[in-house]
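So the structure is just underneath, and the comments pick up after that.
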Amino acid sequence: MSLLEDKERAQLFYKYLSKVYDRVNPFIWNEEMRDEALSMLDIEDGDRVLDVGCGTGFGTEGLVRHSDDVHGLDQSVHQLEQAFEKFGDDDRVRFHRGDAERLPFADDAFDVLWSSGSIEYWPNPVAALREFRRAVEPGGQVLVVGPDSPKNSVFERVADAIMLFYDEEEADRMFTEAGFDDVEHRILQRSPTSPRAIATVARVPGE
Ligand SMILES: C[S@@+](CC[C@H](N)C(=O)[O-])C[C@H]1O[C@@H](n2cnc3c(N)ncnc32)[C@H](O)[C@@H]1O
């Protein structure tokens, strides 16, 4: 397991990062990338949408443009405080403290699940993806954005020691093992020299 794929360490990390997150975030994950990932989803007005690892609400902000029933979940109380400052008065959004691997929601509670920039901290991503399949209705979509593997082997080794980095093949393996259908990917990047993100969308089978 890498350094930050540990729930307690990730919470401690975000206790400090939450203070500057919104200022640092746009250098690697900006609105254009978020909107491109959103375009991979078919969200209809009234769809129940869950944002797992919502952090300060950057993904949530994009999701409320498509649905007025959005739930954000995060394990960090410090990140949730920042999100609540932005959306506390907005009755289209509700926040929950919880763990991606043990969602506090009933089976089939959502039509769409979004998770951006969080998978890299989960100790067991396949367990979390199975949870997502359980919480999303058959036929619903799950979209996960995470860091694409560096192509340089030295950077790759350093990156892997810190958190999860993965490529399309690994994303296929994780989503297939978790029981998803129709898995598709898109690489997102702010500029040709900035870090790449991988967005994977898949459908819950059995409609
Ligand atoms: C890089 S931030 C991403 C925030 C937001 N989704 C965005 O797009 O800007 C990662 C978030 O994942 C949360 N996180 C990490 N592990 C988690 C887990 N096991 N369950 C729930 N949230 C988790 C962290 O607390 C943090 O707020």
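Residues are referred to by chain and number: the chain letter is A, B, ... according to the order shown in the structure tokens, the number counts from 1 in that chain, and ligands are numbered separately from 1 in the order shown.
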
Go through region 21-56 of chain A residue by residue and, counting only C-alpha atoms, keep those with an atom at most 10 Å from region 175-198 of chain A; for each kept residue give the shortest atom pair and its distance in Å to one decimal, ordered by chain and increasing number, as a tab-separated table.
```
residue	atom	partner	partner_atom	distance
A:Pro26	CA	A:Arg190	CA	8.7
A:Phe27	CA	A:Arg190	CA	7.6
A:Ile28	CA	A:Pro195	CA	6.4
A:Trp29	CA	A:Arg190	CA	7.0
A:Asn30	CA	A:Arg190	CA	6.9
A:Glu31	CA	A:Arg190	CA	9.4
A:Glu32	CA	A:Arg190	CA	7.8
A:Met33	CA	A:Leu188	CA	5.9
A:Arg34	CA	A:Leu188	CA	8.7
A:Glu36	CA	A:Leu188	CA	7.8
A:Ala37	CA	A:Leu188	CA	8.0
A:Met40	CA	A:Arg186	CA	8.8
```

Expected file contents, prior selection, C-alpha atoms, as an mmCIF file, in the first residue's frame:
```cif
data_model
loop_
_atom_site.group_PDB
_atom_site.id
_atom_site.type_symbol
_atom_site.label_atom_id
_atom_site.label_comp_id
_atom_site.auth_asym_id
_atom_site.auth_seq_id
_atom_site.Cartn_x
_atom_site.Cartn_y
_atom_site.Cartn_z
ATOM 1 C CA PRO A 26 -6.910 24.448 -10.622
ATOM 2 C CA PHE A 27 -3.273 23.750 -11.574
ATOM 3 C CA ILE A 28 -4.016 20.059 -12.044
ATOM 4 C CA TRP A 29 -7.837 19.725 -12.184
ATOM 5 C CA ASN A 30 -9.712 22.667 -13.637
ATOM 6 C CA GLU A 31 -13.224 23.545 -14.805
ATOM 7 C CA GLU A 32 -12.589 22.551 -18.440
ATOM 8 C CA MET A 33 -11.426 19.079 -17.366
ATOM 9 C CA ARG A 34 -14.379 18.727 -14.987
ATOM 10 C CA GLU A 36 -15.335 17.338 -20.187
ATOM 11 C CA ALA A 37 -15.755 14.540 -17.624
ATOM 12 C CA MET A 40 -19.383 11.664 -20.451
#
```

For region 77-84 of chain A, please output as a compact mmCIF listing (two decimals) with N, CA and C atoms, in the first residue's frame all residues within 7 Å (counting only C-alpha atoms; exclusion window: fewer than 4 positions along the same chain).
```txt
# COMPACT_ATOMS: atom_id res chain seq x y z
N TYR A 14 -5.65 15.91 4.50
CA TYR A 14 -6.67 16.89 4.11
C TYR A 14 -7.01 17.87 5.23
N LYS A 15 -6.66 17.54 6.45
CA LYS A 15 -6.84 18.51 7.53
C LYS A 15 -6.06 19.79 7.19
N SER A 18 -6.94 21.15 3.09
CA SER A 18 -8.26 21.78 2.87
C SER A 18 -8.16 23.31 2.93
N GLY A 55 -14.90 16.46 -1.34
CA GLY A 55 -13.94 17.47 -0.92
C GLY A 55 -14.60 18.80 -0.66
N THR A 56 -14.04 19.87 -1.23
CA THR A 56 -14.57 21.22 -1.02
C THR A 56 -15.73 21.53 -1.96
N GLY A 57 -16.13 20.55 -2.76
CA GLY A 57 -17.34 20.72 -3.58
C GLY A 57 -17.09 21.14 -5.02
N GLY A 88 -24.02 25.27 1.87
CA GLY A 88 -24.85 25.03 3.04
C GLY A 88 -26.27 25.56 2.90
```

>> Among chain A, which residues does DSSP mark as helix (DSSP H, G or I) when it is run on the backbone? Keep the chain and numbering as in the structure and answer as a PyMOL selection string.
In response: chain A and resi 7-17+21-27+31-38+58-63+77-87+119-121+125-135+153-162+168-177

>> Neighbours of ligand 1 at 8 Å or closer, counting only C-alpha atoms and all ligand atoms: which residues, as a PyMOL selection string?
In response: chain A and resi 5-7+10-11+14+18+22+25+29+34+51-60+73-77+79-80+97-101+115-123

Can you write out the residues you just picked, keeping C-alpha atoms, as a JSON list (two decimals), in the first residue's frame?
```json
[["chain", "number", "residue", "atom", "x", "y", "z"],
["A", 5, "GLU", "CA", -3.83, 4.89, 0.53],
["A", 6, "ASP", "CA", -4.56, 4.82, 4.22],
["A", 7, "LYS", "CA", -7.75, 6.40, 5.54],
["A", 10, "ALA", "CA", -5.49, 10.77, 4.05],
["A", 11, "GLN", "CA", -7.69, 12.49, 6.66],
["A", 14, "TYR", "CA", -6.67, 16.89, 4.11],
["A", 18, "SER", "CA", -8.26, 21.78, 2.87],
["A", 22, "ASP", "CA", -9.25, 25.54, -3.86],
["A", 25, "ASN", "CA", -6.49, 22.47, -7.34],
["A", 29, "TRP", "CA", -7.84, 19.72, -12.18],
["A", 34, "ARG", "CA", -14.38, 18.73, -14.99],
["A", 51, "ASP", "CA", -20.42, 12.80, -5.39],
["A", 52, "VAL", "CA", -18.02, 10.49, -3.51],
["A", 53, "GLY", "CA", -14.93, 12.19, -2.06],
["A", 54, "CYS", "CA", -16.62, 15.53, -2.81],
["A", 55, "GLY", "CA", -13.94, 17.47, -0.92],
["A", 56, "THR", "CA", -14.57, 21.22, -1.02],
["A", 57, "GLY", "CA", -17.34, 20.72, -3.58],
["A", 58, "PHE", "CA", -15.56, 21.30, -6.90],
["A", 59, "GLY", "CA", -17.29, 18.37, -8.63],
["A", 60, "THR", "CA", -20.53, 19.12, -6.77],
["A", 73, "LEU", "CA", -19.89, 12.45, 0.68],
["A", 74, "ASP", "CA", -16.41, 12.77, 2.13],
["A", 75, "GLN", "CA", -14.46, 11.24, 5.00],
["A", 76, "SER", "CA", -12.72, 14.54, 5.88],
["A", 77, "VAL", "CA", -14.63, 16.86, 8.17],
["A", 79, "GLN", "CA", -13.01, 19.29, 3.47],
["A", 80, "LEU", "CA", -16.75, 19.04, 4.21],
["A", 97, "ARG", "CA", -19.58, 12.23, 6.23],
["A", 98, "GLY", "CA", -18.63, 8.71, 5.23],
["A", 99, "ASP", "CA", -16.29, 6.26, 3.59],
["A", 100, "ALA", "CA", -16.22, 5.44, -0.13],
["A", 101, "GLU", "CA", -15.81, 1.76, 0.72],
["A", 115, "SER", "CA", -16.09, 10.63, -7.93],
["A", 116, "SER", "CA", -13.19, 12.92, -8.90],
["A", 117, "GLY", "CA", -9.69, 12.86, -7.46],
["A", 118, "SER", "CA", -10.47, 10.48, -4.61],
["A", 119, "ILE", "CA", -9.84, 6.91, -5.84],
["A", 120, "GLU", "CA", -6.09, 7.43, -5.41],
["A", 121, "TYR", "CA", -6.57, 7.43, -1.59],
["A", 122, "TRP", "CA", -8.77, 4.36, -1.24],
["A", 123, "PRO", "CA", -7.01, 1.29, 0.21]]
```

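Distances from A:Trp114, A:Ser67, A:Leu3, A:Met174 to Val158 (chain A) were compared using only C-alpha atoms, and the smallest one belongs to A:Leu3.
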
>> Which residues are near Val70 (chain A)? Cut-off 12 Å, only C-alpha atoms, ignore same chain within fewer than 2 positions. Put them as number ranges by chain.
In response: A: 43, 45-52, 54, 57, 59-68, 72-73, 87, 90-96, 109-114

I need the strand (DSSP E) residues of region 25-207 of chain A per DSSP on the backbone, written as a PDB file with C-alpha atoms, in the first residue's frame.
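The result, stored in selection.pdb:
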```pdb
ATOM      1  CA  VAL A  49     -26.599  12.076  -7.951  1.00  0.00           C
ATOM      2  CA  LEU A  50     -23.882  11.139  -5.460  1.00  0.00           C
ATOM      3  CA  ASP A  51     -20.419  12.805  -5.394  1.00  0.00           C
ATOM      4  CA  VAL A  52     -18.025  10.489  -3.514  1.00  0.00           C
ATOM      5  CA  VAL A  70     -27.043  16.088  -5.394  1.00  0.00           C
ATOM      6  CA  HIS A  71     -25.424  14.427  -2.368  1.00  0.00           C
ATOM      7  CA  GLY A  72     -21.759  14.946  -1.469  1.00  0.00           C
ATOM      8  CA  LEU A  73     -19.890  12.447   0.682  1.00  0.00           C
ATOM      9  CA  ASP A  74     -16.405  12.769   2.129  1.00  0.00           C
ATOM     10  CA  VAL A  93     -27.212  19.712  -2.171  1.00  0.00           C
ATOM     11  CA  ARG A  94     -26.837  17.596   0.971  1.00  0.00           C
ATOM     12  CA  PHE A  95     -23.550  16.537   2.561  1.00  0.00           C
ATOM     13  CA  HIS A  96     -22.680  13.329   4.395  1.00  0.00           C
ATOM     14  CA  ARG A  97     -19.581  12.230   6.235  1.00  0.00           C
ATOM     15  CA  PHE A 110     -28.806   6.874  -6.855  1.00  0.00           C
ATOM     16  CA  ASP A 111     -29.084   7.168 -10.636  1.00  0.00           C
ATOM     17  CA  VAL A 112     -25.595   8.590 -11.164  1.00  0.00           C
ATOM     18  CA  LEU A 113     -22.412   8.452  -9.101  1.00  0.00           C
ATOM     19  CA  TRP A 114     -19.449  10.784  -9.668  1.00  0.00           C
ATOM     20  CA  SER A 115     -16.089  10.629  -7.932  1.00  0.00           C
ATOM     21  CA  SER A 116     -13.194  12.923  -8.899  1.00  0.00           C
ATOM     22  CA  VAL A 136     -26.576   2.899  -8.075  1.00  0.00           C
ATOM     23  CA  GLU A 137     -29.661   1.575  -9.835  1.00  0.00           C
ATOM     24  CA  PRO A 138     -29.257  -0.985 -12.625  1.00  0.00           C
ATOM     25  CA  GLY A 139     -28.711   0.972 -15.845  1.00  0.00           C
ATOM     26  CA  GLY A 140     -27.219   3.926 -13.924  1.00  0.00           C
ATOM     27  CA  GLN A 141     -23.768   5.369 -14.546  1.00  0.00           C
ATOM     28  CA  VAL A 142     -20.640   5.630 -12.425  1.00  0.00           C
ATOM     29  CA  LEU A 143     -17.822   8.006 -13.361  1.00  0.00           C
ATOM     30  CA  VAL A 144     -14.451   8.021 -11.624  1.00  0.00           C
ATOM     31  CA  VAL A 145     -11.605  10.447 -12.300  1.00  0.00           C
ATOM     32  CA  GLY A 146      -8.131   9.594 -11.003  1.00  0.00           C
ATOM     33  CA  PRO A 147      -4.468  10.196 -11.834  1.00  0.00           C
ATOM     34  CA  ASP A 181     -20.455  -3.034 -18.105  1.00  0.00           C
ATOM     35  CA  ASP A 182     -19.681  -0.624 -20.961  1.00  0.00           C
ATOM     36  CA  VAL A 183     -16.427   0.724 -19.501  1.00  0.00           C
ATOM     37  CA  GLU A 184     -14.997   3.741 -21.379  1.00  0.00           C
ATOM     38  CA  HIS A 185     -12.105   6.108 -20.676  1.00  0.00           C
ATOM     39  CA  ARG A 186     -10.961   9.574 -21.592  1.00  0.00           C
ATOM     40  CA  ILE A 187      -7.649  11.253 -20.756  1.00  0.00           C
ATOM     41  CA  LEU A 188      -8.005  14.789 -19.402  1.00  0.00           C
ATOM     42  CA  GLN A 189      -5.184  17.309 -19.185  1.00  0.00           C
ATOM     43  CA  ARG A 196      -2.965  13.697 -16.935  1.00  0.00           C
ATOM     44  CA  ALA A 197      -6.154  12.471 -15.324  1.00  0.00           C
ATOM     45  CA  ILE A 198      -8.070   9.423 -16.456  1.00  0.00           C
ATOM     46  CA  ALA A 199     -11.868   9.576 -16.464  1.00  0.00           C
ATOM     47  CA  THR A 200     -13.665   6.226 -16.574  1.00  0.00           C
ATOM     48  CA  VAL A 201     -17.392   5.878 -17.056  1.00  0.00           C
ATOM     49  CA  ALA A 202     -19.279   2.592 -16.739  1.00  0.00           C
ATOM     50  CA  ARG A 203     -22.808   1.320 -16.402  1.00  0.00           C
TER      51      ARG A 203
END
```

> Between CA of Phe13 (chain A) and CA of Leu129 (chain A), what is the spacing in Å?
Replying inline: 23.1 Å

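Going from CA of Phe165 (chain A) to CA of Leu38 (chain A) covers 21.1 Å.
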
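Straight-line separation from CA of Leu4 (chain A) to CA of Arg157 (chain A): 14.5 Å.
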